file coords.txt (compact mmCIF, C-alpha atoms and all ligand atoms)
# COMPACT_ATOMS: atom_id res chain seq x y z
CA MET A 1178 -11.85 9.24 -30.88
CA SER A 1179 -14.59 10.07 -28.41
CA LEU A 1180 -14.37 10.33 -24.65
CA LEU A 1181 -18.15 10.27 -24.26
CA PHE A 1182 -18.26 7.29 -21.95
CA LEU A 1183 -15.82 8.88 -19.58
CA ASP A 1184 -16.67 11.22 -16.77
CA ILE A 1185 -14.32 14.11 -17.26
CA GLU A 1186 -14.12 16.36 -14.29
CA ALA A 1187 -13.21 20.01 -14.28
CA ASP A 1188 -9.76 21.08 -15.41
CA ILE A 1189 -7.18 20.81 -12.69
CA SER A 1190 -4.19 23.08 -12.70
CA PHE A 1191 -1.17 21.92 -10.76
CA ILE A 1192 1.43 23.85 -12.70
CA ASP A 1193 4.03 25.47 -10.56
CA THR A 1194 5.34 28.47 -12.46
CA LYS A 1195 8.64 28.29 -10.58
CA LEU A 1196 9.41 25.11 -12.48
CA LEU A 1197 8.65 26.41 -15.95
CA LEU A 1198 12.29 26.38 -17.00
CA GLU A 1199 12.63 22.67 -16.22
CA VAL A 1200 9.43 21.39 -17.77
CA VAL A 1201 8.58 19.18 -20.76
CA MET A 1202 5.61 21.20 -22.09
CA VAL A 1203 3.32 18.46 -23.41
CA ASP A 1204 -0.10 19.31 -24.85
CA SER A 1205 -2.33 17.86 -22.17
CA VAL A 1206 -2.51 15.36 -19.33
CA LEU A 1207 -5.24 12.79 -18.74
CA LEU A 1208 -5.14 11.91 -15.09
CA ALA A 1209 -6.59 8.51 -14.19
CA ALA A 1210 -8.77 8.22 -11.08
CA PRO A 1211 -8.76 6.33 -8.79
CA ARG A 1212 -4.98 6.37 -8.41
CA SER A 1213 -2.42 6.62 -5.63
CA PHE A 1214 -3.05 5.48 -2.03
CA CYS A 1215 -5.59 2.70 -1.45
CA ALA A 1216 -7.50 2.07 1.78
CA GLY A 1217 -4.92 -0.47 3.02
CA VAL A 1218 -2.02 1.91 2.48
CA GLU A 1219 -3.95 4.78 4.06
CA MET A 1220 -4.49 2.68 7.18
CA ALA A 1221 -0.88 1.45 7.35
CA ILE A 1222 0.61 4.94 7.01
CA LYS A 1223 -1.70 6.41 9.64
CA ALA A 1224 -0.93 3.49 11.95
CA LEU A 1225 2.83 3.98 11.65
CA ALA A 1226 2.39 7.73 12.09
CA TRP A 1227 0.65 7.01 15.37
CA MET A 1228 3.40 4.63 16.44
CA VAL A 1229 6.17 7.18 15.91
CA GLN A 1230 4.28 9.73 17.91
CA ALA A 1231 3.33 7.39 20.71
CA PHE A 1232 6.75 5.81 21.28
CA GLU A 1233 10.26 7.07 21.67
CA PRO A 1234 12.29 6.34 18.54
CA PRO A 1235 13.30 4.01 17.18
CA VAL A 1236 10.09 2.27 16.21
CA TYR A 1237 10.81 -0.88 14.20
CA CYS A 1238 8.85 -1.85 11.13
CA TYR A 1239 9.09 -5.30 9.62
CA HIS A 1240 9.42 -4.73 5.86
CA GLU A 1241 8.79 -1.43 4.15
CA ILE A 1242 5.46 -0.18 5.45
CA VAL A 1243 4.45 0.24 1.81
CA HIS A 1244 6.59 -0.10 -1.29
CA ASN A 1245 7.42 3.51 -1.87
CA LYS A 1246 10.84 5.04 -1.37
CA ILE A 1247 9.60 8.51 -0.47
CA VAL A 1248 7.17 7.22 2.15
CA VAL A 1249 9.82 4.93 3.62
CA GLU A 1250 12.46 7.68 3.75
CA ARG A 1251 10.03 10.05 5.40
CA PHE A 1252 9.40 7.59 8.19
CA GLU A 1253 13.12 6.83 8.49
CA ASN A 1254 13.72 10.54 9.04
CA ILE A 1255 11.46 10.53 12.06
CA GLY A 1256 12.85 7.46 13.74
CA VAL A 1257 11.49 4.34 12.06
CA VAL A 1258 13.91 1.52 11.38
CA PHE A 1259 12.82 -0.88 8.65
CA VAL A 1260 14.09 -4.45 8.89
CA ASN A 1261 13.75 -7.47 6.65
CA ASP A 1262 14.48 -9.94 9.40
CA ILE A 1263 12.42 -9.81 12.59
CA ASP A 1264 15.47 -11.04 14.54
CA GLU A 1265 17.15 -7.69 13.80
CA VAL A 1266 14.73 -5.98 16.18
CA PRO A 1267 16.28 -5.55 19.66
CA GLU A 1268 14.22 -6.98 22.52
CA GLY A 1269 11.63 -4.68 24.06
CA MET A 1270 11.11 -2.24 21.18
CA PRO A 1271 7.79 -1.27 19.59
CA ILE A 1272 7.21 -3.12 16.31
CA MET A 1273 4.89 -2.64 13.39
CA LEU A 1274 4.30 -5.29 10.74
CA SER A 1275 3.76 -4.00 7.22
CA ALA A 1276 0.57 -3.88 5.14
CA HIS A 1277 1.69 -6.86 3.03
CA GLY A 1278 0.97 -9.41 5.74
CA SER A 1279 3.50 -11.47 7.67
CA ALA A 1280 4.19 -15.16 8.16
CA PRO A 1281 2.72 -16.67 11.35
CA GLU A 1282 6.20 -17.34 12.76
CA VAL A 1283 7.20 -13.70 12.17
CA ILE A 1284 4.13 -12.55 14.08
CA ALA A 1285 4.94 -14.97 16.91
CA THR A 1286 8.55 -13.73 17.12
CA ALA A 1287 7.44 -10.11 17.01
CA GLU A 1288 4.99 -10.76 19.84
CA GLU A 1289 7.78 -12.28 21.87
CA ARG A 1290 10.41 -9.59 21.22
CA GLY A 1291 8.38 -6.42 20.98
CA SER A 1292 7.23 -4.17 23.80
CA TYR A 1293 4.21 -3.33 21.71
CA LEU A 1294 3.16 -4.93 18.43
CA VAL A 1295 0.88 -3.52 15.78
CA ASP A 1296 0.09 -5.62 12.73
CA ALA A 1297 -0.87 -3.24 9.92
CA VAL A 1298 -1.73 -6.03 7.50
CA CYS A 1299 -4.38 -5.01 4.97
CA PRO A 1300 -7.69 -6.75 5.79
CA LEU A 1301 -7.86 -7.98 2.19
CA VAL A 1302 -4.57 -9.83 2.63
CA THR A 1303 -5.85 -11.24 5.93
CA LYS A 1304 -8.83 -12.60 3.99
CA VAL A 1305 -6.47 -14.55 1.71
CA HIS A 1306 -4.52 -15.87 4.73
CA HIS A 1307 -7.84 -17.04 6.15
CA GLU A 1308 -8.77 -18.77 2.88
CA VAL A 1309 -5.41 -20.56 2.81
CA LYS A 1310 -5.86 -21.76 6.39
CA THR A 1311 -9.42 -22.92 5.83
CA ARG A 1312 -8.66 -24.82 2.61
CA ALA A 1313 -5.54 -26.39 4.11
CA ASN A 1314 -7.56 -27.57 7.12
CA LYS A 1315 -10.09 -29.11 4.74
CA GLY A 1316 -7.39 -31.15 3.03
CA TYR A 1317 -6.95 -29.09 -0.13
CA GLN A 1318 -3.80 -28.55 -2.14
CA ILE A 1319 -3.57 -24.86 -3.00
CA ILE A 1320 -2.38 -23.25 -6.22
CA TYR A 1321 -1.29 -19.75 -5.26
CA VAL A 1322 -0.73 -17.19 -8.00
CA GLY A 1323 1.91 -14.77 -6.76
CA HIS A 1324 5.29 -13.22 -7.45
CA GLU A 1325 8.38 -14.96 -6.17
CA ASN A 1326 9.82 -13.27 -3.06
CA HIS A 1327 7.13 -10.60 -2.89
CA GLU A 1328 6.38 -9.97 0.80
CA GLU A 1329 2.67 -10.63 0.40
CA ALA A 1330 3.28 -13.95 -1.35
CA VAL A 1331 5.92 -15.00 1.18
CA GLY A 1332 3.63 -14.20 4.12
CA THR A 1333 0.62 -15.92 2.57
CA MET A 1334 2.50 -19.08 1.59
CA ALA A 1335 3.88 -19.40 5.11
CA VAL A 1336 0.34 -19.93 6.42
CA ALA A 1337 0.31 -23.48 4.98
CA PRO A 1338 3.65 -24.12 3.26
CA GLU A 1339 3.16 -27.87 3.07
CA VAL A 1340 0.14 -27.66 0.73
CA ILE A 1341 0.73 -24.46 -1.22
CA HIS A 1342 2.20 -24.35 -4.73
CA ARG A 1343 3.16 -20.93 -6.04
CA VAL A 1344 2.75 -20.25 -9.75
CA ASP A 1345 3.44 -17.10 -11.72
CA SER A 1346 2.58 -18.12 -15.27
CA VAL A 1347 0.65 -20.55 -17.45
CA GLU A 1348 3.89 -22.54 -17.85
CA ASP A 1349 4.14 -22.88 -14.06
CA VAL A 1350 0.60 -24.27 -13.98
CA GLU A 1351 1.39 -26.79 -16.70
CA ALA A 1352 4.43 -27.96 -14.75
CA LEU A 1353 2.39 -28.74 -11.61
CA PRO A 1354 1.99 -32.39 -10.65
CA SER A 1355 -1.42 -34.12 -10.71
CA PHE A 1356 -3.10 -33.94 -7.33
CA SER A 1357 -5.19 -36.67 -5.78
CA GLU A 1358 -6.57 -34.23 -3.16
CA PRO A 1359 -9.11 -31.46 -3.89
CA VAL A 1360 -7.44 -28.31 -5.25
CA ALA A 1361 -8.12 -24.62 -4.59
CA ILE A 1362 -6.72 -21.57 -6.37
CA LEU A 1363 -5.95 -18.30 -4.56
CA THR A 1364 -3.99 -15.24 -5.55
CA GLN A 1365 -1.88 -12.31 -4.49
CA THR A 1366 -4.15 -9.26 -4.24
CA THR A 1367 -2.17 -6.98 -6.52
CA LEU A 1368 -1.77 -8.99 -9.73
CA SER A 1369 -2.95 -7.64 -13.03
CA GLN A 1370 -6.38 -8.88 -14.11
CA SER A 1371 -4.99 -10.38 -17.32
CA ASP A 1372 -2.18 -12.26 -15.53
CA TRP A 1373 -4.74 -13.70 -13.13
CA GLU A 1374 -7.24 -14.65 -15.82
CA GLY A 1375 -4.60 -16.41 -17.94
CA VAL A 1376 -3.32 -18.49 -15.04
CA LEU A 1377 -6.85 -19.23 -13.77
CA SER A 1378 -7.92 -20.48 -17.17
CA ALA A 1379 -4.84 -22.77 -17.41
CA ALA A 1380 -5.54 -24.09 -13.89
CA GLU A 1381 -9.20 -24.77 -14.75
CA ASP A 1382 -8.05 -26.73 -17.80
CA LYS A 1383 -5.66 -28.77 -15.70
CA VAL A 1384 -7.68 -29.41 -12.54
CA GLU A 1385 -11.21 -30.75 -12.36
CA ASN A 1386 -13.53 -29.11 -9.81
CA LEU A 1387 -11.01 -26.40 -8.99
CA TRP A 1388 -12.22 -24.49 -5.93
CA GLN A 1389 -11.97 -20.70 -5.99
CA PRO A 1390 -13.44 -17.97 -3.81
CA SER A 1391 -16.82 -16.59 -4.94
CA ARG A 1392 -14.99 -13.33 -5.66
CA SER A 1393 -11.38 -13.33 -6.80
CA ASP A 1394 -8.77 -12.17 -4.30
CA LEU A 1395 -7.66 -9.35 -6.61
CA CYS A 1396 -8.40 -6.30 -4.51
CA PHE A 1397 -10.80 -3.54 -5.50
CA ALA A 1398 -8.02 -0.91 -5.43
CA THR A 1399 -5.83 -2.86 -7.84
CA THR A 1400 -8.73 -3.51 -10.19
CA ASN A 1401 -10.01 0.07 -10.08
CA ARG A 1402 -6.59 1.57 -10.82
CA GLN A 1403 -6.09 -0.78 -13.76
CA SER A 1404 -9.57 -0.11 -15.20
CA ALA A 1405 -9.15 3.65 -14.82
CA LEU A 1406 -5.88 3.47 -16.70
CA ILE A 1407 -7.31 1.32 -19.48
CA ASN A 1408 -10.07 3.91 -19.92
CA ILE A 1409 -7.65 6.69 -20.75
CA ALA A 1410 -4.97 4.66 -22.55
CA PRO A 1411 -6.50 4.86 -26.07
CA TYR A 1412 -6.26 8.66 -25.95
CA CYS A 1413 -2.66 8.86 -24.79
CA ASP A 1414 0.57 9.29 -26.75
CA ALA A 1415 2.45 8.10 -23.68
CA ILE A 1416 1.59 6.87 -20.19
CA ILE A 1417 3.45 7.53 -16.98
CA VAL A 1418 2.91 5.20 -14.04
CA ILE A 1419 4.28 6.56 -10.77
CA GLY A 1420 5.52 4.01 -8.24
CA SER A 1421 8.42 1.88 -7.11
CA ALA A 1422 9.84 -1.09 -9.00
CA ASN A 1423 9.12 -3.38 -6.03
CA SER A 1424 5.46 -2.33 -5.91
CA SER A 1425 3.46 -5.18 -7.41
CA ASN A 1426 0.37 -3.11 -8.16
CA THR A 1427 2.53 -0.46 -9.87
CA CYS A 1428 4.13 -3.10 -12.09
CA SER A 1429 0.67 -4.47 -12.86
CA LEU A 1430 -0.39 -0.99 -14.00
CA VAL A 1431 2.62 -0.83 -16.31
CA ALA A 1432 1.76 -4.26 -17.73
CA ARG A 1433 -1.85 -3.24 -18.38
CA ALA A 1434 -0.78 0.00 -20.03
CA GLU A 1435 1.57 -1.92 -22.32
CA GLU A 1436 -1.19 -4.39 -23.20
CA THR A 1437 -3.33 -1.52 -24.49
CA GLY A 1438 -0.74 -0.86 -27.20
CA CYS A 1439 0.14 2.62 -25.98
CA PRO A 1440 3.42 3.35 -27.81
CA ARG A 1441 5.33 4.71 -24.80
CA VAL A 1442 4.82 3.52 -21.22
CA TYR A 1443 7.13 4.58 -18.40
CA ARG A 1444 7.30 3.75 -14.72
CA VAL A 1445 8.92 6.58 -12.78
CA ASN A 1446 9.82 6.85 -9.11
CA ASN A 1447 9.51 10.62 -9.16
CA ALA A 1448 9.26 13.70 -11.37
CA GLU A 1449 13.01 13.75 -12.07
CA GLU A 1450 12.65 10.51 -14.01
CA VAL A 1451 10.03 11.84 -16.45
CA PRO A 1452 11.51 11.61 -19.99
CA ASN A 1453 12.11 15.05 -21.48
CA ASP A 1454 11.05 14.17 -25.04
CA LEU A 1455 7.36 13.51 -24.39
CA HIS A 1456 4.73 15.24 -26.50
CA GLY A 1457 0.99 15.22 -27.15
CA THR A 1458 -1.42 13.80 -24.57
CA ILE A 1459 0.14 12.05 -21.59
CA GLY A 1460 -1.76 9.65 -19.35
CA VAL A 1461 -0.73 9.72 -15.70
CA THR A 1462 -1.55 7.35 -12.88
CA ALA A 1463 0.07 6.19 -9.64
CA GLY A 1464 0.29 2.84 -7.88
CA ALA A 1465 -1.53 2.27 -4.61
CA SER A 1466 1.59 3.01 -2.57
CA ALA A 1467 2.59 6.25 -4.34
CA PRO A 1468 1.62 9.53 -2.68
CA GLU A 1469 -0.46 12.10 -4.52
CA GLU A 1470 2.30 14.68 -4.07
CA GLN A 1471 4.39 12.67 -6.56
CA VAL A 1472 1.53 12.91 -9.05
CA ARG A 1473 1.49 16.66 -8.65
CA ALA A 1474 5.25 16.88 -9.11
CA VAL A 1475 5.06 14.83 -12.32
CA ILE A 1476 2.30 17.07 -13.67
CA ASP A 1477 4.37 20.13 -12.78
CA THR A 1478 7.19 18.69 -14.85
CA LEU A 1479 4.96 17.76 -17.79
CA ALA A 1480 3.55 21.32 -17.71
CA PRO A 1481 0.67 20.61 -20.11
CA THR A 1482 -0.08 23.70 -22.17
CA GLN A 1483 -3.77 22.74 -22.54
CA GLY A 1484 -4.25 21.68 -18.94
CA VAL A 1485 -5.07 18.53 -16.98
CA LYS A 1486 -8.27 16.52 -17.11
CA GLU A 1487 -9.01 14.01 -14.42
CA VAL A 1488 -10.94 11.02 -15.75
CA ARG A 1489 -12.65 9.29 -12.88
CA LEU A 1490 -13.88 5.72 -13.20
CA ASN A 1491 -15.52 5.61 -9.78
CA ASN A 1492 -15.20 6.86 -6.21
CA GLU A 1493 -13.55 4.64 -3.65
CA THR A 1494 -15.24 4.90 -0.29
CA VAL A 1495 -13.63 1.88 1.41
CA TYR A 1496 -12.09 2.75 4.77
CA PHE A 1497 -10.04 0.44 6.96
CA PRO A 1498 -9.84 1.47 10.61
CA LEU A 1499 -6.57 1.32 12.53
CA PRO A 1500 -5.67 -2.10 13.97
CA ARG A 1501 -7.73 -2.75 17.10
CA ASN A 1502 -4.90 -2.63 19.67
CA LEU A 1503 -3.60 0.61 18.18
CA ARG A 1504 -7.07 2.12 18.53
CA ALA A 1505 -6.87 1.14 22.21
CA LEU A 1506 -3.47 2.83 22.48
CA VAL A 1507 -4.81 5.99 20.85
CA ASN A 1508 -7.75 6.02 23.27
CA ALA A 1509 -5.41 5.46 26.21
CA ILE A 1510 -3.28 8.41 25.12
CA ASP A 1511 -6.43 10.51 24.87
CA SER A 1512 -7.40 9.48 28.40
CA ILE A 1513 -3.96 10.42 29.70
CA GLY A 1514 -4.33 13.79 28.00
CA VAL A 1515 -7.66 14.35 29.71
CA THR A 1516 -6.23 13.24 33.09
CA PHE A 1517 -3.41 15.74 32.78
CA GLY A 1518 -5.75 18.50 31.67
CA LEU A 1519 -4.28 18.70 28.21
CA ASP A 1520 -6.10 20.34 25.36
CA TYR A 1521 -7.67 17.42 23.54
CA ASP A 1522 -8.64 19.45 20.50
CA CYS A 1523 -5.12 20.56 19.68
CA ARG A 1524 -3.89 16.98 19.20
CA PRO A 1525 -3.45 15.71 15.66
CA ARG A 1526 -6.28 13.32 14.88
CA LEU A 1527 -4.28 10.99 12.72
CA ASN A 1528 -6.96 8.33 12.72
CA ASP A 1529 -9.59 10.79 11.63
CA ARG A 1530 -11.35 9.69 8.45
CA THR A 1531 -11.25 13.29 7.30
CA MET A 1532 -7.44 13.34 7.20
CA ASP A 1533 -5.90 11.31 4.41
CA ALA A 1534 -2.49 9.67 4.58
CA SER A 1535 -0.90 12.26 2.26
CA GLN A 1536 -1.90 14.95 4.73
CA VAL A 1537 -0.56 12.86 7.57
CA LEU A 1538 2.80 12.57 5.81
CA SER A 1539 3.01 16.32 5.23
CA PHE A 1540 1.93 16.90 8.79
CA LEU A 1541 4.75 14.68 10.04
CA ASP A 1542 7.24 16.62 7.93
CA GLU A 1543 6.04 19.98 9.13
CA GLU A 1544 5.36 19.19 12.74
CA ASP A 1545 7.96 16.63 13.67
CA SER A 1546 10.45 19.03 15.20
CA ASN A 1547 7.70 20.62 17.24
CA LEU A 1548 6.38 17.31 18.42
CA VAL A 1549 9.74 15.87 19.29
CA ASP A 1550 11.71 18.82 20.58
CA GLU A 1551 9.31 21.39 21.89
CA GLN A 1552 5.88 20.05 22.70
CA ARG A 1553 6.79 16.54 23.73
CA GLU A 1554 5.86 15.80 27.27
CA GLU A 1555 6.35 12.38 28.72
CA VAL A 1556 3.44 11.66 31.01
CA ARG A 1557 4.36 8.22 32.20
CA GLU A 1558 6.57 5.37 31.16
CA ASP A 1559 4.27 2.46 31.57
CA ALA A 1560 0.99 3.96 30.48
CA ILE A 1561 0.17 1.09 28.20
CA SER A 1562 0.40 -2.52 29.31
CA PRO A 1563 2.69 -4.30 26.93
CA ARG A 1564 1.11 -7.00 24.90
CA ASN A 1565 3.35 -9.76 26.21
CA GLY A 1566 4.51 -8.56 29.60
CA SER A 1567 7.98 -7.51 28.44
CA SER A 1568 9.47 -4.11 29.25
CA PRO A 1569 6.88 -1.34 29.43
CA ALA A 1570 6.23 0.92 26.50
CA LYS A 1571 7.41 4.48 26.86
CA VAL A 1572 4.46 6.53 25.77
CA ARG A 1573 4.50 10.22 25.22
CA ALA A 1574 1.68 12.70 24.92
CA LEU A 1575 0.69 14.12 21.58
CA ILE A 1576 0.42 17.75 22.55
S1 LIG B 1 -3.53 -2.76 -2.83
FE1 LIG B 1 -5.40 -3.77 -2.09
S2 LIG B 1 -4.64 -5.48 -0.85
FE2 LIG B 1 -2.91 -4.08 -1.12
S3 LIG B 1 -2.99 -2.73 0.66
FE3 LIG B 1 -4.19 -1.73 -0.96
S4 LIG B 1 -6.32 -2.37 -0.59
FE4 LIG B 1 -4.98 -3.77 0.54
call {"tool": "encode", "arguments": {"input": "coords.txt", "output": "structure tokens"}}
result
Amino acid sequence: MSLLFLDIEADISFIDTKLLLEVVMVDSVLLAAPRSFCAGVEMAIKALAWMVQAFEPPVYCYHEIVHNKIVVERFENIGVVFVNDIDEVPEGMPIMLSAHGSAPEVIATAEERGSYLVDAVCPLVTKVHHEVKTRANKGYQIIYVGHENHEEAVGTMAVAPEVIHRVDSVEDVEALPSFSEPVAILTQTTLSQSDWEGVLSAAEDKVENLWQPSRSDLCFATTNRQSALINIAPYCDAIIVIGSANSSNTCSLVARAEETGCPRVYRVNNAEEVPNDLHGTIGVTAGASAPEEQVRAVIDTLAPTQGVKEVRLNNETVYFPLPRNLRALVNAIDSIGVTFGLDYDCRPRLNDRTMDASQVLSFLDEEDSNLVDEQREEVREDAISPRNGSSPAKVRALI
């Protein structure tokens, strides 16, 4: 079989010789690209990193910031408390809302309770919320393709619960009632292309003049990761998808890999879960919420004797800036630093486009004790006006 249509980059060697006694020793690894963190996850992680450095712990986060155990645990270690019910947040604490998007009533409660609120919703999820609101206001019934109880689906449906009908399969579409109103179809951003196409086709058969956005709501990152994986799948004896079971885009990658007919497809949370009987060529990818360091650890464990080839489908250049009010907070902290004659250049530039979220996470690991115990200097307690007039935020300098 030929790989001519693929752009194969230079060999990449990640093998850690210290681990050679615990490795699988496959022949080679084909590494799909793009993989791992997407622009929305990058933004959310950097935003939460800023929050934990700007405020005294605990900082509260509604839902896991992204669906990845390692990322969540890392933030828990530095003072973030994740809650699934906004009422669990004590009054007057800083709150972040996760990248998956939150229901309007959750946002309202968070605004009321929190001393400072940052909504790290991915702009692509916001776009779907906006579409739901607009269609509902125009009198449409909405068919929403999404997974039951997934945070993104729950938040999106709450925008117009009275007109939205969630479906997950062709059978769900067939069971829908007939509507006398106009009907629109929208979707969760992280579904697999084939799941979406099957349900869309069934909905088009059932509903005349079905309205849909000019471009589907499936996000570029989801689509790119799936296409990159499909490109390498025919050449793989097994495929490993790195990511958590509650990560929708990870599960979609697994589904796509299985659809290609690859004989062995595994989802693993980490390198320890890599099966020890793999052989031949192994395809590796990671969901949009899985850090690149997990990819490296998996490759270390696979220990390919003929090396690693990264097969890149395209380059992702999308960048989402920090939420607007957090940018204002960051600027205010900078101003305080200047006022107090602090060395601006020595501060970590967590919102810098040149620093990716993986680096931010390692930076937090390495520097946290310094930041918290040694270099922390509280410059004033009410430096930032709280969003809703409740108790002032306690802001500390990042030096
Ligand atoms: S997977 Fe897509 S929709 Fe979800 S956070 Fe990433 S870019 Fe946004």
call {"tool": "residues_near_point", "arguments": {"input": "coords.txt", "point": "(2.2, -1.6, 5.9)", "cutoff": "7 Å", "atoms": "only C-alpha atoms", "output": "VMD selection string"}}
result
chain A and resid 1218 1221 to 1222 1241 to 1243 1274 to 1277 1297 to 1298
call {"tool": "closest_residue", "arguments": {"input": "coords.txt", "among": "A:Ile1419, A:Val1236, A:Ala1216, A:Val1248", "to": "Glu1268 in chain A", "atoms": "only C-alpha atoms"}}
result
A:Val1236
call {"tool": "residues_near_ligand", "arguments": {"input": "coords.txt", "ligand": "ligand LIG 1 (chain B)", "cutoff": "6 Å", "atoms": "all atoms listed in the file", "output": "list in words"}}
result
Cys1215, Ala1216, Gly1217, Val1218, Ala1276, Cys1299, Leu1301, Val1302, Thr1366, Thr1367, Cys1396, Ala1398, Thr1399 and Ala1465 of chain A
call {"tool": "write_last_selection", "arguments": {"input": "coords.txt", "atoms": "C-alpha atoms", "output": "PDB file, in the frame of the given file"}}
result
ATOM      1  CA  CYS A1215      -5.590   2.700  -1.450  1.00  0.00           C
ATOM      2  CA  ALA A1216      -7.500   2.070   1.780  1.00  0.00           C
ATOM      3  CA  GLY A1217      -4.920  -0.470   3.020  1.00  0.00           C
ATOM      4  CA  VAL A1218      -2.020   1.910   2.480  1.00  0.00           C
ATOM      5  CA  ALA A1276       0.570  -3.880   5.140  1.00  0.00           C
ATOM      6  CA  CYS A1299      -4.380  -5.010   4.970  1.00  0.00           C
ATOM      7  CA  LEU A1301      -7.860  -7.980   2.190  1.00  0.00           C
ATOM      8  CA  VAL A1302      -4.570  -9.830   2.630  1.00  0.00           C
ATOM      9  CA  THR A1366      -4.150  -9.260  -4.240  1.00  0.00           C
ATOM     10  CA  THR A1367      -2.170  -6.980  -6.520  1.00  0.00           C
ATOM     11  CA  CYS A1396      -8.400  -6.300  -4.510  1.00  0.00           C
ATOM     12  CA  ALA A1398      -8.020  -0.910  -5.430  1.00  0.00           C
ATOM     13  CA  THR A1399      -5.830  -2.860  -7.840  1.00  0.00           C
ATOM     14  CA  ALA A1465      -1.530   2.270  -4.610  1.00  0.00           C
TER      15      ALA A1465
END
call {"tool": "axis_aligned_box", "arguments": {"input": "coords.txt", "around": "range 1250-1260 of chain A", "padding_each_side": "4 Å", "output": "lines of an AutoDock Vina configuration file"}}
result
center_x = 11.7
center_y = 3.0
center_z = 8.7
size_x = 12.7
size_y = 23.0
size_z = 18.0
call {"tool": "atom_distance", "arguments": {"input": "coords.txt", "atom1": "CA of Asp1382 in chain A", "atom2": "CA of Tyr1317 in chain A"}}
result
17.9 Å
call {"tool": "closest_residue", "arguments": {"input": "coords.txt", "among": "A:Thr1462, A:Asn1492, A:Thr1482, A:Ser1539", "to": "Cys1428 in chain A", "atoms": "all atoms listed in the file"}}
result
A:Thr1462
call {"tool": "atom_distance", "arguments": {"input": "coords.txt", "atom1": "CA of Leu1541 in chain A", "atom2": "CA of Val1258 in chain A"}}
result
16.1 Å
call {"tool": "residues_around", "arguments": {"input": "coords.txt", "residues": "Pro1498 in chain A", "least_positions_apart": "2", "cutoff": "7 Å", "atoms": "all atoms listed in the file", "output": "MDAnalysis selection string"}}
result
chainID A and resid 1220 1496 1500
call {"tool": "write_last_selection", "arguments": {"input": "coords.txt", "atoms": "C-alpha atoms", "output": "short mmCIF file (atom, residue, chain, number, x, y, z; two decimals), in the frame of the given file"}}
result
data_model
loop_
_atom_site.label_atom_id
_atom_site.label_comp_id
_atom_site.auth_asym_id
_atom_site.auth_seq_id
_atom_site.Cartn_x
_atom_site.Cartn_y
_atom_site.Cartn_z
CA MET A 1220 -4.49 2.68 7.18
CA TYR A 1496 -12.09 2.75 4.77
CA PRO A 1500 -5.67 -2.10 13.97
#
call {"tool": "atom_distance", "arguments": {"input": "coords.txt", "atom1": "CA of Ser1369 in chain A", "atom2": "CA of Leu1395 in chain A"}}
result
8.1 Å
call {"tool": "build_atoms", "arguments": {"input": "coords.txt", "residues": "range 1493-1504 of chain A", "atoms": "N, CA and C atoms", "output": "PDB file, in the frame of the given file"}}
result
ATOM      1  N   GLU A1493     -13.823   5.688  -4.636  1.00  0.00           N
ATOM      2  CA  GLU A1493     -13.550   4.640  -3.650  1.00  0.00           C
ATOM      3  C   GLU A1493     -13.929   5.168  -2.265  1.00  0.00           C
ATOM      4  N   THR A1494     -14.810   4.436  -1.611  1.00  0.00           N
ATOM      5  CA  THR A1494     -15.240   4.900  -0.290  1.00  0.00           C
ATOM      6  C   THR A1494     -14.816   3.918   0.815  1.00  0.00           C
ATOM      7  N   VAL A1495     -14.047   2.892   0.418  1.00  0.00           N
ATOM      8  CA  VAL A1495     -13.630   1.880   1.410  1.00  0.00           C
ATOM      9  C   VAL A1495     -12.699   2.529   2.435  1.00  0.00           C
ATOM     10  N   TYR A1496     -12.930   2.215   3.688  1.00  0.00           N
ATOM     11  CA  TYR A1496     -12.090   2.750   4.770  1.00  0.00           C
ATOM     12  C   TYR A1496     -11.747   1.606   5.712  1.00  0.00           C
ATOM     13  N   PHE A1497     -10.457   1.450   5.985  1.00  0.00           N
ATOM     14  CA  PHE A1497     -10.040   0.440   6.960  1.00  0.00           C
ATOM     15  C   PHE A1497      -9.611   1.156   8.236  1.00  0.00           C
ATOM     16  N   PRO A1498     -10.249   0.824   9.358  1.00  0.00           N
ATOM     17  CA  PRO A1498      -9.840   1.470  10.610  1.00  0.00           C
ATOM     18  C   PRO A1498      -8.464   1.007  11.059  1.00  0.00           C
ATOM     19  N   LEU A1499      -7.849   1.740  11.963  1.00  0.00           N
ATOM     20  CA  LEU A1499      -6.570   1.320  12.530  1.00  0.00           C
ATOM     21  C   LEU A1499      -6.702  -0.045  13.174  1.00  0.00           C
ATOM     22  N   PRO A1500      -5.608  -0.819  13.253  1.00  0.00           N
ATOM     23  CA  PRO A1500      -5.670  -2.100  13.970  1.00  0.00           C
ATOM     24  C   PRO A1500      -6.219  -1.891  15.388  1.00  0.00           C
ATOM     25  N   ARG A1501      -6.967  -2.891  15.860  1.00  0.00           N
ATOM     26  CA  ARG A1501      -7.730  -2.750  17.100  1.00  0.00           C
ATOM     27  C   ARG A1501      -6.857  -2.317  18.291  1.00  0.00           C
ATOM     28  N   ASN A1502      -5.690  -2.977  18.474  1.00  0.00           N
ATOM     29  CA  ASN A1502      -4.900  -2.630  19.670  1.00  0.00           C
ATOM     30  C   ASN A1502      -4.312  -1.230  19.559  1.00  0.00           C
ATOM     31  N   LEU A1503      -4.102  -0.755  18.326  1.00  0.00           N
ATOM     32  CA  LEU A1503      -3.600   0.610  18.180  1.00  0.00           C
ATOM     33  C   LEU A1503      -4.709   1.611  18.508  1.00  0.00           C
ATOM     34  N   ARG A1504      -5.947   1.242  18.155  1.00  0.00           N
ATOM     35  CA  ARG A1504      -7.070   2.120  18.530  1.00  0.00           C
ATOM     36  C   ARG A1504      -7.122   2.233  20.052  1.00  0.00           C
TER      37      ARG A1504
END
